[in-house]
>>> print(open('run-v1.cif').read())   # mmCIF, C-alpha atoms
data_model
#
loop_
_atom_site.group_PDB
_atom_site.id
_atom_site.type_symbol
_atom_site.label_atom_id
_atom_site.label_comp_id
_atom_site.auth_asym_id
_atom_site.auth_seq_id
_atom_site.Cartn_x
_atom_site.Cartn_y
_atom_site.Cartn_z
ATOM 1 C CA MET O 42 93.303 -25.268 -97.042
ATOM 2 C CA ASP O 43 92.297 -27.001 -93.847
ATOM 3 C CA ALA O 44 91.431 -23.717 -92.207
ATOM 4 C CA ARG O 45 89.171 -22.811 -95.105
ATOM 5 C CA ARG O 46 87.463 -26.179 -94.940
ATOM 6 C CA GLU O 47 86.885 -25.687 -91.252
ATOM 7 C CA GLY O 48 85.409 -22.283 -91.959
ATOM 8 C CA GLU O 49 82.976 -23.840 -94.392
ATOM 9 C CA ALA O 50 82.055 -26.515 -91.889
ATOM 10 C CA THR O 51 81.169 -23.977 -89.210
ATOM 11 C CA ARG O 52 78.909 -22.132 -91.623
ATOM 12 C CA MET O 53 77.050 -25.348 -92.335
ATOM 13 C CA LYS O 54 73.981 -26.027 -90.232
ATOM 14 C CA ASN O 55 74.476 -28.439 -87.362
ATOM 15 C CA SER O 56 72.337 -31.544 -87.531
ATOM 16 C CA THR O 57 69.341 -32.248 -85.317
ATOM 17 C CA THR O 58 68.724 -35.826 -84.203
ATOM 18 C CA VAL O 59 65.566 -37.360 -82.711
ATOM 19 C CA GLU O 60 65.459 -40.856 -81.323
ATOM 20 C CA ARG O 61 62.897 -42.881 -79.437
ATOM 21 C CA LYS O 62 65.282 -44.082 -76.734
ATOM 22 C CA SER O 63 62.780 -46.366 -75.018
ATOM 23 C CA GLU O 64 59.057 -47.023 -74.815
ATOM 24 C CA ARG O 65 58.615 -43.815 -72.801
ATOM 25 C CA GLU O 66 61.443 -41.543 -73.966
ATOM 26 C CA LEU O 67 62.233 -39.290 -76.890
ATOM 27 C CA VAL O 68 65.670 -37.692 -77.092
ATOM 28 C CA LEU O 69 66.563 -34.771 -79.313
ATOM 29 C CA THR O 70 70.095 -33.353 -79.768
ATOM 30 C CA ARG O 71 71.609 -30.310 -81.453
ATOM 31 C CA THR O 72 74.909 -28.418 -81.200
ATOM 32 C CA PHE O 73 75.037 -24.610 -81.326
ATOM 33 C CA ASN O 74 78.082 -22.523 -82.216
ATOM 34 C CA GLY O 75 78.026 -20.398 -79.098
ATOM 35 C CA PRO O 76 78.441 -20.541 -75.335
ATOM 36 C CA ALA O 77 75.799 -22.204 -73.148
ATOM 37 C CA ARG O 78 74.800 -18.962 -71.410
ATOM 38 C CA LEU O 79 73.669 -17.456 -74.741
ATOM 39 C CA VAL O 80 71.743 -20.538 -75.855
ATOM 40 C CA PHE O 81 70.125 -20.659 -72.410
ATOM 41 C CA GLU O 82 69.242 -16.978 -72.707
ATOM 42 C CA ALA O 83 67.583 -17.549 -76.090
ATOM 43 C CA TRP O 84 65.548 -20.334 -74.478
ATOM 44 C CA THR O 85 64.404 -18.447 -71.387
ATOM 45 C CA LYS O 86 63.708 -14.880 -72.504
ATOM 46 C CA PRO O 87 60.267 -14.615 -74.124
ATOM 47 C CA GLU O 88 61.322 -11.814 -76.507
ATOM 48 C CA LEU O 89 64.064 -14.126 -77.879
ATOM 49 C CA LEU O 90 62.126 -17.399 -77.745
ATOM 50 C CA LYS O 91 59.323 -15.788 -79.744
ATOM 51 C CA ARG O 92 61.715 -15.248 -82.609
ATOM 52 C CA TRP O 93 62.706 -18.881 -83.109
ATOM 53 C CA TRP O 94 60.085 -21.172 -81.537
ATOM 54 C CA VAL O 95 57.685 -20.855 -84.444
ATOM 55 C CA PRO O 96 59.601 -21.510 -87.634
ATOM 56 C CA LYS O 97 58.472 -19.455 -90.606
ATOM 57 C CA SER O 98 57.854 -22.629 -92.605
ATOM 58 C CA ALA O 99 55.402 -24.184 -90.116
ATOM 59 C CA GLY O 100 52.357 -22.068 -91.032
ATOM 60 C CA MET O 101 51.934 -21.150 -87.370
ATOM 61 C CA SER O 102 52.156 -17.894 -85.485
ATOM 62 C CA LEU O 103 52.850 -17.350 -81.821
ATOM 63 C CA LEU O 104 49.969 -15.321 -80.379
ATOM 64 C CA SER O 105 51.289 -15.065 -76.848
ATOM 65 C CA CYS O 106 54.254 -16.270 -74.882
ATOM 66 C CA GLU O 107 54.424 -15.973 -71.105
ATOM 67 C CA MET O 108 57.293 -17.474 -69.135
ATOM 68 C CA ASP O 109 58.153 -17.166 -65.470
ATOM 69 C CA VAL O 110 61.458 -19.031 -65.536
ATOM 70 C CA ARG O 111 62.075 -20.060 -61.921
ATOM 71 C CA VAL O 112 61.316 -23.231 -59.969
ATOM 72 C CA GLY O 113 57.519 -23.468 -59.668
ATOM 73 C CA GLY O 114 57.018 -20.685 -62.236
ATOM 74 C CA LYS O 115 54.560 -21.226 -65.076
ATOM 75 C CA TYR O 116 54.710 -20.839 -68.837
ATOM 76 C CA ARG O 117 52.033 -20.606 -71.485
ATOM 77 C CA PHE O 118 52.434 -20.366 -75.269
ATOM 78 C CA GLU O 119 49.498 -19.846 -77.593
ATOM 79 C CA PHE O 120 49.744 -20.587 -81.285
ATOM 80 C CA GLY O 121 47.548 -19.870 -84.217
ATOM 81 C CA HIS O 122 47.653 -22.137 -87.237
ATOM 82 C CA VAL O 123 46.340 -21.346 -90.693
ATOM 83 C CA GLU O 124 44.256 -24.532 -90.592
ATOM 84 C CA ALA O 125 43.065 -24.342 -86.982
ATOM 85 C CA ALA O 126 39.990 -22.388 -85.920
ATOM 86 C CA LYS O 127 41.022 -22.043 -82.278
ATOM 87 C CA PRO O 128 44.481 -21.228 -80.973
ATOM 88 C CA MET O 129 46.441 -24.120 -79.507
ATOM 89 C CA ALA O 130 47.871 -23.636 -76.034
ATOM 90 C CA PHE O 131 50.933 -25.268 -74.536
ATOM 91 C CA PHE O 132 51.467 -24.777 -70.826
ATOM 92 C CA GLY O 133 53.087 -26.150 -67.698
ATOM 93 C CA SER O 134 55.546 -25.207 -65.002
ATOM 94 C CA TYR O 135 59.284 -25.235 -64.420
ATOM 95 C CA LEU O 136 60.566 -27.936 -62.059
ATOM 96 C CA GLU O 137 64.295 -27.124 -62.206
ATOM 97 C CA VAL O 138 66.113 -24.026 -63.389
ATOM 98 C CA ILE O 139 69.926 -23.985 -63.345
ATOM 99 C CA PRO O 140 71.178 -21.081 -65.492
ATOM 100 C CA SER O 141 73.301 -22.095 -68.515
ATOM 101 C CA SER O 142 73.027 -25.736 -67.551
ATOM 102 C CA ARG O 143 69.636 -27.332 -66.988
ATOM 103 C CA LEU O 144 65.935 -26.633 -67.421
ATOM 104 C CA VAL O 145 63.108 -29.062 -66.532
ATOM 105 C CA TRP O 146 59.431 -28.406 -67.201
ATOM 106 C CA THR O 147 56.066 -30.142 -67.283
ATOM 107 C CA ASN O 148 53.735 -30.263 -70.314
ATOM 108 C CA GLU O 149 50.233 -29.986 -68.925
ATOM 109 C CA GLU O 150 48.121 -29.427 -72.042
ATOM 110 C CA SER O 151 47.520 -33.190 -72.013
ATOM 111 C CA ASP O 152 46.710 -35.418 -69.001
ATOM 112 C CA GLU O 153 49.577 -37.654 -69.983
ATOM 113 C CA GLY O 154 52.097 -35.010 -70.988
ATOM 114 C CA ALA O 155 55.837 -35.559 -70.839
ATOM 115 C CA ILE O 156 58.391 -34.090 -68.459
ATOM 116 C CA THR O 157 60.954 -32.272 -70.587
ATOM 117 C CA THR O 158 64.579 -32.023 -69.416
ATOM 118 C CA LEU O 159 66.884 -29.734 -71.306
ATOM 119 C CA THR O 160 70.636 -29.854 -70.676
ATOM 120 C CA PHE O 161 73.306 -27.526 -72.039
ATOM 121 C CA GLU O 162 76.886 -28.821 -72.273
ATOM 122 C CA GLU O 163 79.514 -26.321 -73.362
ATOM 123 C CA LYS O 164 82.755 -27.498 -74.967
ATOM 124 C CA GLY O 165 85.254 -25.327 -76.831
ATOM 125 C CA GLY O 166 82.809 -22.457 -77.296
ATOM 126 C CA LYS O 167 80.077 -24.756 -78.655
ATOM 127 C CA THR O 168 77.041 -26.035 -76.801
ATOM 128 C CA LEU O 169 75.405 -29.426 -77.078
ATOM 129 C CA VAL O 170 71.719 -29.226 -76.201
ATOM 130 C CA VAL O 171 69.954 -32.475 -75.280
ATOM 131 C CA MET O 172 66.176 -32.417 -74.941
ATOM 132 C CA HIS O 173 64.822 -35.445 -73.137
ATOM 133 C CA GLU O 174 61.064 -36.059 -73.034
ATOM 134 C CA LEU O 175 59.873 -38.661 -70.553
ATOM 135 C CA TYR O 176 56.249 -39.775 -70.921
ATOM 136 C CA PRO O 177 54.295 -41.349 -68.026
ATOM 137 C CA SER O 178 53.685 -44.537 -70.053
ATOM 138 C CA LYS O 179 54.348 -46.220 -73.382
ATOM 139 C CA GLU O 180 50.713 -45.549 -74.372
ATOM 140 C CA ALA O 181 51.139 -41.833 -73.682
ATOM 141 C CA LEU O 182 54.093 -41.571 -76.064
ATOM 142 C CA ASP O 183 52.373 -43.817 -78.611
ATOM 143 C CA SER O 184 49.260 -41.679 -78.645
ATOM 144 C CA SER O 185 51.330 -38.523 -78.782
ATOM 145 C CA ILE O 186 52.967 -40.003 -81.882
ATOM 146 C CA ALA O 187 49.659 -41.088 -83.332
ATOM 147 C CA GLY O 188 48.122 -37.759 -82.273
ATOM 148 C CA MET O 189 45.036 -39.505 -80.930
ATOM 149 C CA PRO O 190 44.275 -38.914 -77.263
ATOM 150 C CA ASP O 191 40.635 -39.239 -78.298
ATOM 151 C CA GLY O 192 39.313 -40.004 -81.726
ATOM 152 C CA MET O 193 41.243 -41.227 -84.697
ATOM 153 C CA GLU O 194 40.914 -38.187 -86.964
ATOM 154 C CA GLU O 195 44.545 -37.187 -86.605
ATOM 155 C CA THR O 196 45.666 -40.728 -87.246
ATOM 156 C CA PHE O 197 43.513 -40.890 -90.326
ATOM 157 C CA ALA O 198 45.067 -37.691 -91.582
ATOM 158 C CA GLN O 199 48.550 -38.991 -90.851
ATOM 159 C CA LEU O 200 47.816 -42.342 -92.414
ATOM 160 C CA ASP O 201 46.620 -40.379 -95.382
ATOM 161 C CA GLU O 202 49.909 -38.591 -95.705
ATOM 162 C CA LEU O 203 51.852 -41.751 -95.133
ATOM 163 C CA LEU O 204 49.950 -43.619 -97.795
ATOM 164 C CA VAL O 205 50.657 -40.872 -100.275
ATOM 165 C CA THR O 206 54.375 -41.131 -99.472
ATOM 166 C CA LEU O 207 54.340 -44.908 -99.580
ATOM 167 C CA CYS O 208 52.454 -44.962 -102.843
ATOM 168 C CA ALA O 209 54.825 -42.407 -104.311
ATOM 169 C CA SER O 210 57.807 -44.560 -103.388
ATOM 170 C CA VAL O 211 56.118 -47.629 -104.860
ATOM 171 C CA GLY O 212 55.546 -45.582 -108.014
ATOM 172 C CA ARG O 213 59.215 -44.735 -108.295
ATOM 173 C CA SER O 214 60.560 -48.269 -107.944
ATOM 174 C CA MET H 396 49.828 -46.761 -110.880
ATOM 175 C CA VAL H 397 47.231 -44.219 -109.829
ATOM 176 C CA GLN H 398 44.647 -46.941 -109.708
ATOM 177 C CA TYR H 399 46.909 -49.156 -107.630
ATOM 178 C CA SER H 400 47.489 -46.333 -105.126
ATOM 179 C CA GLN H 401 43.789 -45.656 -104.893
ATOM 180 C CA THR H 402 43.182 -49.317 -104.122
ATOM 181 C CA ARG H 403 45.687 -49.370 -101.276
ATOM 182 C CA PHE H 404 44.154 -46.232 -99.921
ATOM 183 C CA ASP H 405 40.651 -47.719 -100.015
ATOM 184 C CA VAL H 406 41.800 -50.931 -98.373
ATOM 185 C CA SER H 407 43.352 -49.009 -95.475
ATOM 186 C CA PHE H 408 40.352 -46.808 -94.965
ATOM 187 C CA ALA H 409 37.994 -49.738 -95.103
ATOM 188 C CA ALA H 410 40.158 -51.500 -92.537
ATOM 189 C CA LEU H 411 40.021 -48.507 -90.180
ATOM 190 C CA SER H 412 36.339 -47.756 -90.665
ATOM 191 C CA ASP H 413 35.318 -50.380 -88.114
ATOM 192 C CA ALA H 414 35.429 -49.625 -84.369
ATOM 193 C CA THR H 415 36.441 -53.177 -83.423
ATOM 194 C CA ARG H 416 39.339 -53.142 -85.861
ATOM 195 C CA ARG H 417 40.508 -49.784 -84.527
ATOM 196 C CA GLY H 418 40.284 -51.275 -81.029
ATOM 197 C CA VAL H 419 42.365 -54.251 -82.149
ATOM 198 C CA LEU H 420 45.061 -51.880 -83.451
ATOM 199 C CA GLU H 421 45.123 -49.990 -80.156
ATOM 200 C CA ARG H 422 45.322 -53.258 -78.243
ATOM 201 C CA LEU H 423 48.197 -54.514 -80.433
ATOM 202 C CA GLY H 424 49.926 -51.177 -79.897
ATOM 203 C CA ARG H 425 50.274 -52.181 -76.249
ATOM 204 C CA ALA H 426 51.368 -55.785 -76.844
ATOM 205 C CA ASP H 427 51.163 -58.607 -79.353
ATOM 206 C CA ALA H 428 48.169 -60.889 -78.831
ATOM 207 C CA SER H 429 46.757 -64.159 -80.111
ATOM 208 C CA ILE H 430 43.490 -64.314 -82.055
ATOM 209 C CA THR H 431 41.931 -66.123 -79.058
ATOM 210 C CA GLU H 432 42.943 -63.297 -76.707
ATOM 211 C CA LEU H 433 41.571 -60.683 -79.085
ATOM 212 C CA ALA H 434 38.300 -62.581 -79.504
ATOM 213 C CA GLU H 435 37.856 -62.740 -75.721
ATOM 214 C CA LYS H 436 38.757 -59.113 -75.229
ATOM 215 C CA PHE H 437 36.224 -57.970 -77.815
ATOM 216 C CA HIS H 438 33.554 -60.559 -76.850
ATOM 217 C CA MET H 439 33.547 -62.149 -80.246
ATOM 218 C CA THR H 440 33.728 -65.586 -81.808
ATOM 219 C CA LEU H 441 37.065 -66.836 -83.082
ATOM 220 C CA THR H 442 35.730 -66.828 -86.635
ATOM 221 C CA GLY H 443 34.542 -63.214 -86.311
ATOM 222 C CA MET H 444 37.899 -62.065 -84.960
ATOM 223 C CA LYS H 445 39.769 -63.989 -87.665
ATOM 224 C CA LYS H 446 37.823 -62.034 -90.274
ATOM 225 C CA HIS H 447 38.688 -58.679 -88.697
ATOM 226 C CA VAL H 448 42.359 -59.612 -88.389
ATOM 227 C CA SER H 449 42.420 -60.738 -91.984
ATOM 228 C CA VAL H 450 41.083 -57.341 -93.142
ATOM 229 C CA LEU H 451 43.767 -55.568 -91.103
ATOM 230 C CA GLU H 452 46.394 -57.942 -92.452
ATOM 231 C CA GLN H 453 45.406 -57.238 -96.048
ATOM 232 C CA ALA H 454 45.751 -53.511 -95.349
ATOM 233 C CA GLY H 455 49.277 -54.087 -94.021
ATOM 234 C CA LEU H 456 48.281 -52.769 -90.590
ATOM 235 C CA VAL H 457 48.755 -56.118 -88.851
ATOM 236 C CA THR H 458 50.974 -59.139 -89.428
ATOM 237 C CA THR H 459 50.318 -62.599 -88.016
ATOM 238 C CA GLU H 460 52.510 -65.569 -87.326
ATOM 239 C CA LYS H 461 51.430 -69.073 -86.453
ATOM 240 C CA VAL H 462 53.532 -70.918 -83.913
ATOM 241 C CA GLY H 463 52.153 -74.363 -83.088
ATOM 242 C CA ARG H 464 48.417 -73.908 -82.690
ATOM 243 C CA VAL H 465 48.544 -70.236 -81.744
ATOM 244 C CA ARG H 466 48.338 -67.411 -84.272
ATOM 245 C CA THR H 467 49.995 -64.271 -82.857
ATOM 246 C CA CYS H 468 49.081 -60.837 -84.194
ATOM 247 C CA LYS H 469 51.313 -57.770 -84.112
ATOM 248 C CA LEU H 470 51.264 -54.316 -85.630
ATOM 249 C CA GLY H 471 52.338 -54.355 -89.240
ATOM 250 C CA LEU H 472 55.168 -52.555 -90.922
ATOM 251 C CA ARG H 473 52.913 -49.696 -91.913
ATOM 252 C CA ARG H 474 52.312 -48.740 -88.285
ATOM 253 C CA LEU H 475 56.061 -48.743 -87.701
ATOM 254 C CA GLU H 476 56.559 -46.600 -90.781
ATOM 255 C CA GLU H 477 53.965 -44.239 -89.393
ATOM 256 C CA GLU H 478 56.046 -43.834 -86.242
ATOM 257 C CA ALA H 479 59.213 -43.295 -88.294
ATOM 258 C CA ALA H 480 57.386 -40.696 -90.396
ATOM 259 C CA TRP H 481 56.153 -38.898 -87.265
ATOM 260 C CA ILE H 482 59.648 -38.843 -85.778
ATOM 261 C CA GLU H 483 61.019 -37.440 -89.027
ATOM 262 C CA ARG H 484 58.369 -34.672 -89.095
ATOM 263 C CA TYR H 485 59.110 -33.872 -85.447
ATOM 264 C CA ARG H 486 62.833 -33.729 -86.249
ATOM 265 C CA GLN H 487 62.176 -31.379 -89.167
ATOM 266 C CA LEU H 488 60.095 -29.059 -86.973
ATOM 267 C CA TRP H 489 62.886 -28.805 -84.405
ATOM 268 C CA ALA H 490 65.596 -28.510 -87.061
ATOM 269 C CA ALA H 491 63.708 -25.511 -88.496
ATOM 270 C CA ARG H 492 63.384 -23.964 -85.026
ATOM 271 C CA PHE H 493 67.062 -24.515 -84.322
ATOM 272 C CA ASP H 494 68.136 -22.942 -87.592
ATOM 273 C CA GLU H 495 66.383 -19.766 -86.444
ATOM 274 C CA LEU H 496 67.924 -20.142 -82.991
ATOM 275 C CA ASP H 497 71.381 -20.242 -84.652
ATOM 276 C CA ASN H 498 70.758 -16.718 -85.939
ATOM 277 C CA ILE H 499 69.812 -15.482 -82.484
ATOM 278 C CA VAL H 500 72.908 -17.040 -80.906
ATOM 279 C CA GLU H 501 75.052 -15.328 -83.592
ATOM 280 C CA GLU H 502 73.334 -12.038 -82.852
ATOM 281 C CA LEU H 503 73.875 -12.380 -79.088
ATOM 282 C CA LYS H 504 77.546 -13.239 -79.692
ATOM 283 C CA ARG H 505 78.032 -10.111 -81.821
ATOM 284 C CA LYS H 506 76.231 -7.992 -79.238
ATOM 285 C CA GLU H 507 78.467 -9.310 -76.443
ATOM 286 C CA LYS H 508 81.567 -8.502 -78.479
ATOM 287 C CA VAL H 509 80.409 -4.944 -79.070
ATOM 288 C CA ASP H 510 79.390 -4.474 -75.430
ATOM 289 C CA GLY H 511 82.766 -5.917 -74.338
ATOM 290 C CA ARG H 512 84.613 -3.418 -76.543
ATOM 291 C CA LYS H 513 82.517 -0.564 -75.154
ATOM 292 C CA LYS H 514 83.334 -1.600 -71.596
ATOM 293 C CA ARG H 515 87.049 -1.803 -72.305
ATOM 294 C CA GLY H 516 87.008 1.488 -74.180
#
>>> encode(input="run-v1.cif", output="structure tokens")
Amino acid sequence: MDARREGEATRMKNSTTVERKSERELVLTRTFNGPARLVFEAWTKPELLKRWWVPKSAGMSLLSCEMDVRVGGKYRFEFGHVEAAKPMAFFGSYLEVIPSSRLVWTNEESDEGAITTLTFEEKGGKTLVVMHELYPSKEALDSSIAGMPDGMEETFAQLDELLVTLCASVGRS
Amino acid sequence: MVQYSQTRFDVSFAALSDATRRGVLERLGRADASITELAEKFHMTLTGMKKHVSVLEQAGLVTTEKVGRVRTCKLGLRRLEEEAAWIERYRQLWAARFDELDNIVEELKRKEKVDGRKKRG
């Protein structure tokens, strides 16, 4: 009985958490049912990363994905989005690379991009991945959240969405 | 209810349509401030700034509290909800990515098992 329950639990998806840990930090966690070396591999080989980085539901497609995973090496991902005329590019370089354990990179598409630190902790065949994003300032994280490095269009659009949600919840109560 | 929603919507957009009021929101995003401080920062009379703050307050974007003779302004609940909503969308994006990553980890595990058997055999 217990064994069956356990079996069901392992088939269930592990939960993803995101928390704003401080004015400048976002922390994301997720456990994977596999050893750290495999999760690390899926994160550092472009042919594997390509298959999961752009979820099918997001309406985006990965146009190119270049990664030179070594200290000082660069990466560049280009996405297309059904609603965007031009592809969006994400790029930066790797600051630390410790196989199966730690990966640190810069995010240089914005002047005030975060430094991302990824750690892999293996325990009993499972791996806890912690993604830590440290922004240079509170304002940098705030504007990343508001999506408004310049201009308020994004914020307007988000406010839009939010108002619809808020109004819907008012409607229900 | 539809009408009520439309009204809230209009109030928010009207509140954000003014450059000074958007500036006030950005300023309050950095730290709370008194009406006097905001008036000085935006080179405006106290009365003028009070009017702007009142529009933002009505839209739920700013709340104010009077302690003694000083009225302090801070970002309203709606701004905080906006952050919570963003964090939830961000979480959903990563959760979707990670669900796909699960499949790849499973595939790599199976492949290792097969390769291991081949090596032993």
>>> resolve_selection(input="run-v1.cif", expression="the PyMOL selection byres ((chain O) within 6 of (chain H))", output="ChimeraX atom specification")
/O:57,59,93-94,96,208
>>> write_last_selection(input="run-v1.cif", atoms="C-alpha atoms", output="PDB file, in the frame of the given file")
ATOM      1  CA  THR O  57      69.341 -32.248 -85.317  1.00  0.00           C
ATOM      2  CA  VAL O  59      65.566 -37.360 -82.711  1.00  0.00           C
ATOM      3  CA  TRP O  93      62.706 -18.881 -83.109  1.00  0.00           C
ATOM      4  CA  TRP O  94      60.085 -21.172 -81.537  1.00  0.00           C
ATOM      5  CA  PRO O  96      59.601 -21.510 -87.634  1.00  0.00           C
ATOM      6  CA  CYS O 208      52.454 -44.962-102.843  1.00  0.00           C
TER       7      CYS O 208
END
>>> axis_aligned_box(input="run-v1.cif", around="stretch 138-146 of chain O", padding_each_side="8 Å", output="JSON")
{"center_x": 66.4, "center_y": -25.1, "center_z": -65.9, "size_x": 29.9, "size_y": 24.0, "size_z": 21.2}
>>> closest_residue(input="run-v1.cif", among="H:Val509, H:Met439, H:Val448, H:Ala409", to="H:Arg466", atoms="all atoms listed in the file")
H:Val448
>>> resolve_selection(input="run-v1.cif", expression="the PyMOL selection byres ((chain H and resi 422) around 12)", output="PyMOL selection string")
(chain O and resi 180+183) or (chain H and resi 415-421+423-430+432-434+436-437+457+468-470)
>>> resolve_selection(input="run-v1.cif", expression="the PyMOL selection byres ((chain O and resi 110-126) around 12)", output="MDAnalysis selection string")
chainID O and resid 81:82 84:87 90:91 94:109 127:140 143:150
>>> atom_distance(input="run-v1.cif", atom1="atom CA of O:Arg61", atom2="atom CA of H:Ser449")
29.9 Å
>>> residues_around(input="run-v1.cif", residues="stretch 155-166 of chain O", least_positions_apart="2", cutoff="7 Å", atoms="only C-alpha atoms", output="PyMOL selection string")
chain O and resi 74-77+141-148+153+168-177
>>> atom_distance(input="run-v1.cif", atom1="atom CA of H:Arg512", atom2="atom CA of O:Arg92")
26.5 Å
>>> atom_distance(input="run-v1.cif", atom1="atom CA of H:His447", atom2="atom CA of H:Asp413")
9.0 Å
>>> closest_residue(input="run-v1.cif", among="H:Leu472, H:Thr467, H:Lys513, H:Lys506", to="H:Lys445", atoms="all atoms listed in the file")
H:Thr467
>>> decode(input="run-v1.cif", residues="stretch 168-185 of chain O", atoms="N, CA and C atoms", output="PDB file, in the first residue's frame")
ATOM      1  N   THR O 168      17.709  15.394  -7.458  1.00  0.00           N
ATOM      2  CA  THR O 168      18.531  16.593  -7.486  1.00  0.00           C
ATOM      3  C   THR O 168      17.690  17.845  -7.236  1.00  0.00           C
ATOM      4  N   LEU O 169      18.117  18.598  -6.231  1.00  0.00           N
ATOM      5  CA  LEU O 169      17.466  19.885  -5.974  1.00  0.00           C
ATOM      6  C   LEU O 169      18.230  20.950  -6.749  1.00  0.00           C
ATOM      7  N   VAL O 170      17.509  21.654  -7.627  1.00  0.00           N
ATOM      8  CA  VAL O 170      18.116  22.749  -8.376  1.00  0.00           C
ATOM      9  C   VAL O 170      17.642  24.070  -7.769  1.00  0.00           C
ATOM     10  N   VAL O 171      18.590  24.933  -7.435  1.00  0.00           N
ATOM     11  CA  VAL O 171      18.242  26.269  -6.921  1.00  0.00           C
ATOM     12  C   VAL O 171      18.793  27.290  -7.901  1.00  0.00           C
ATOM     13  N   MET O 172      17.907  28.138  -8.426  1.00  0.00           N
ATOM     14  CA  MET O 172      18.331  29.194  -9.335  1.00  0.00           C
ATOM     15  C   MET O 172      18.204  30.515  -8.600  1.00  0.00           C
ATOM     16  N   HIS O 173      19.339  31.189  -8.465  1.00  0.00           N
ATOM     17  CA  HIS O 173      19.392  32.420  -7.685  1.00  0.00           C
ATOM     18  C   HIS O 173      19.717  33.555  -8.655  1.00  0.00           C
ATOM     19  N   GLU O 174      18.866  34.566  -8.709  1.00  0.00           N
ATOM     20  CA  GLU O 174      19.117  35.701  -9.601  1.00  0.00           C
ATOM     21  C   GLU O 174      19.367  36.936  -8.758  1.00  0.00           C
ATOM     22  N   LEU O 175      20.574  37.476  -8.875  1.00  0.00           N
ATOM     23  CA  LEU O 175      20.936  38.662  -8.096  1.00  0.00           C
ATOM     24  C   LEU O 175      21.008  39.874  -9.021  1.00  0.00           C
ATOM     25  N   TYR O 176      20.139  40.850  -8.781  1.00  0.00           N
ATOM     26  CA  TYR O 176      20.109  42.064  -9.597  1.00  0.00           C
ATOM     27  C   TYR O 176      21.036  43.118  -9.003  1.00  0.00           C
ATOM     28  N   PRO O 177      21.558  44.044  -9.833  1.00  0.00           N
ATOM     29  CA  PRO O 177      22.488  45.051  -9.315  1.00  0.00           C
ATOM     30  C   PRO O 177      21.814  46.019  -8.327  1.00  0.00           C
ATOM     31  N   SER O 178      20.498  46.177  -8.405  1.00  0.00           N
ATOM     32  CA  SER O 178      19.824  47.117  -7.503  1.00  0.00           C
ATOM     33  C   SER O 178      18.363  46.705  -7.361  1.00  0.00           C
ATOM     34  N   LYS O 179      17.710  47.279  -6.373  1.00  0.00           N
ATOM     35  CA  LYS O 179      16.276  47.045  -6.175  1.00  0.00           C
ATOM     36  C   LYS O 179      15.509  47.501  -7.420  1.00  0.00           C
ATOM     37  N   GLU O 180      15.914  48.683  -7.957  1.00  0.00           N
ATOM     38  CA  GLU O 180      15.200  49.244  -9.116  1.00  0.00           C
ATOM     39  C   GLU O 180      15.295  48.300 -10.316  1.00  0.00           C
ATOM     40  N   ALA O 181      16.464  47.655 -10.450  1.00  0.00           N
ATOM     41  CA  ALA O 181      16.652  46.755 -11.598  1.00  0.00           C
ATOM     42  C   ALA O 181      15.671  45.580 -11.519  1.00  0.00           C
ATOM     43  N   LEU O 182      15.517  45.015 -10.331  1.00  0.00           N
ATOM     44  CA  LEU O 182      14.576  43.899 -10.185  1.00  0.00           C
ATOM     45  C   LEU O 182      13.138  44.404 -10.330  1.00  0.00           C
ATOM     46  N   ASP O 183      12.864  45.566  -9.731  1.00  0.00           N
ATOM     47  CA  ASP O 183      11.518  46.143  -9.858  1.00  0.00           C
ATOM     48  C   ASP O 183      11.154  46.354 -11.323  1.00  0.00           C
ATOM     49  N   SER O 184      12.095  46.912 -12.101  1.00  0.00           N
ATOM     50  CA  SER O 184      11.707  47.212 -13.476  1.00  0.00           C
ATOM     51  C   SER O 184      11.673  45.937 -14.300  1.00  0.00           C
ATOM     52  N   SER O 185      12.455  44.947 -13.900  1.00  0.00           N
ATOM     53  CA  SER O 185      12.348  43.657 -14.577  1.00  0.00           C
ATOM     54  C   SER O 185      10.944  43.087 -14.333  1.00  0.00           C
TER      55      SER O 185
END
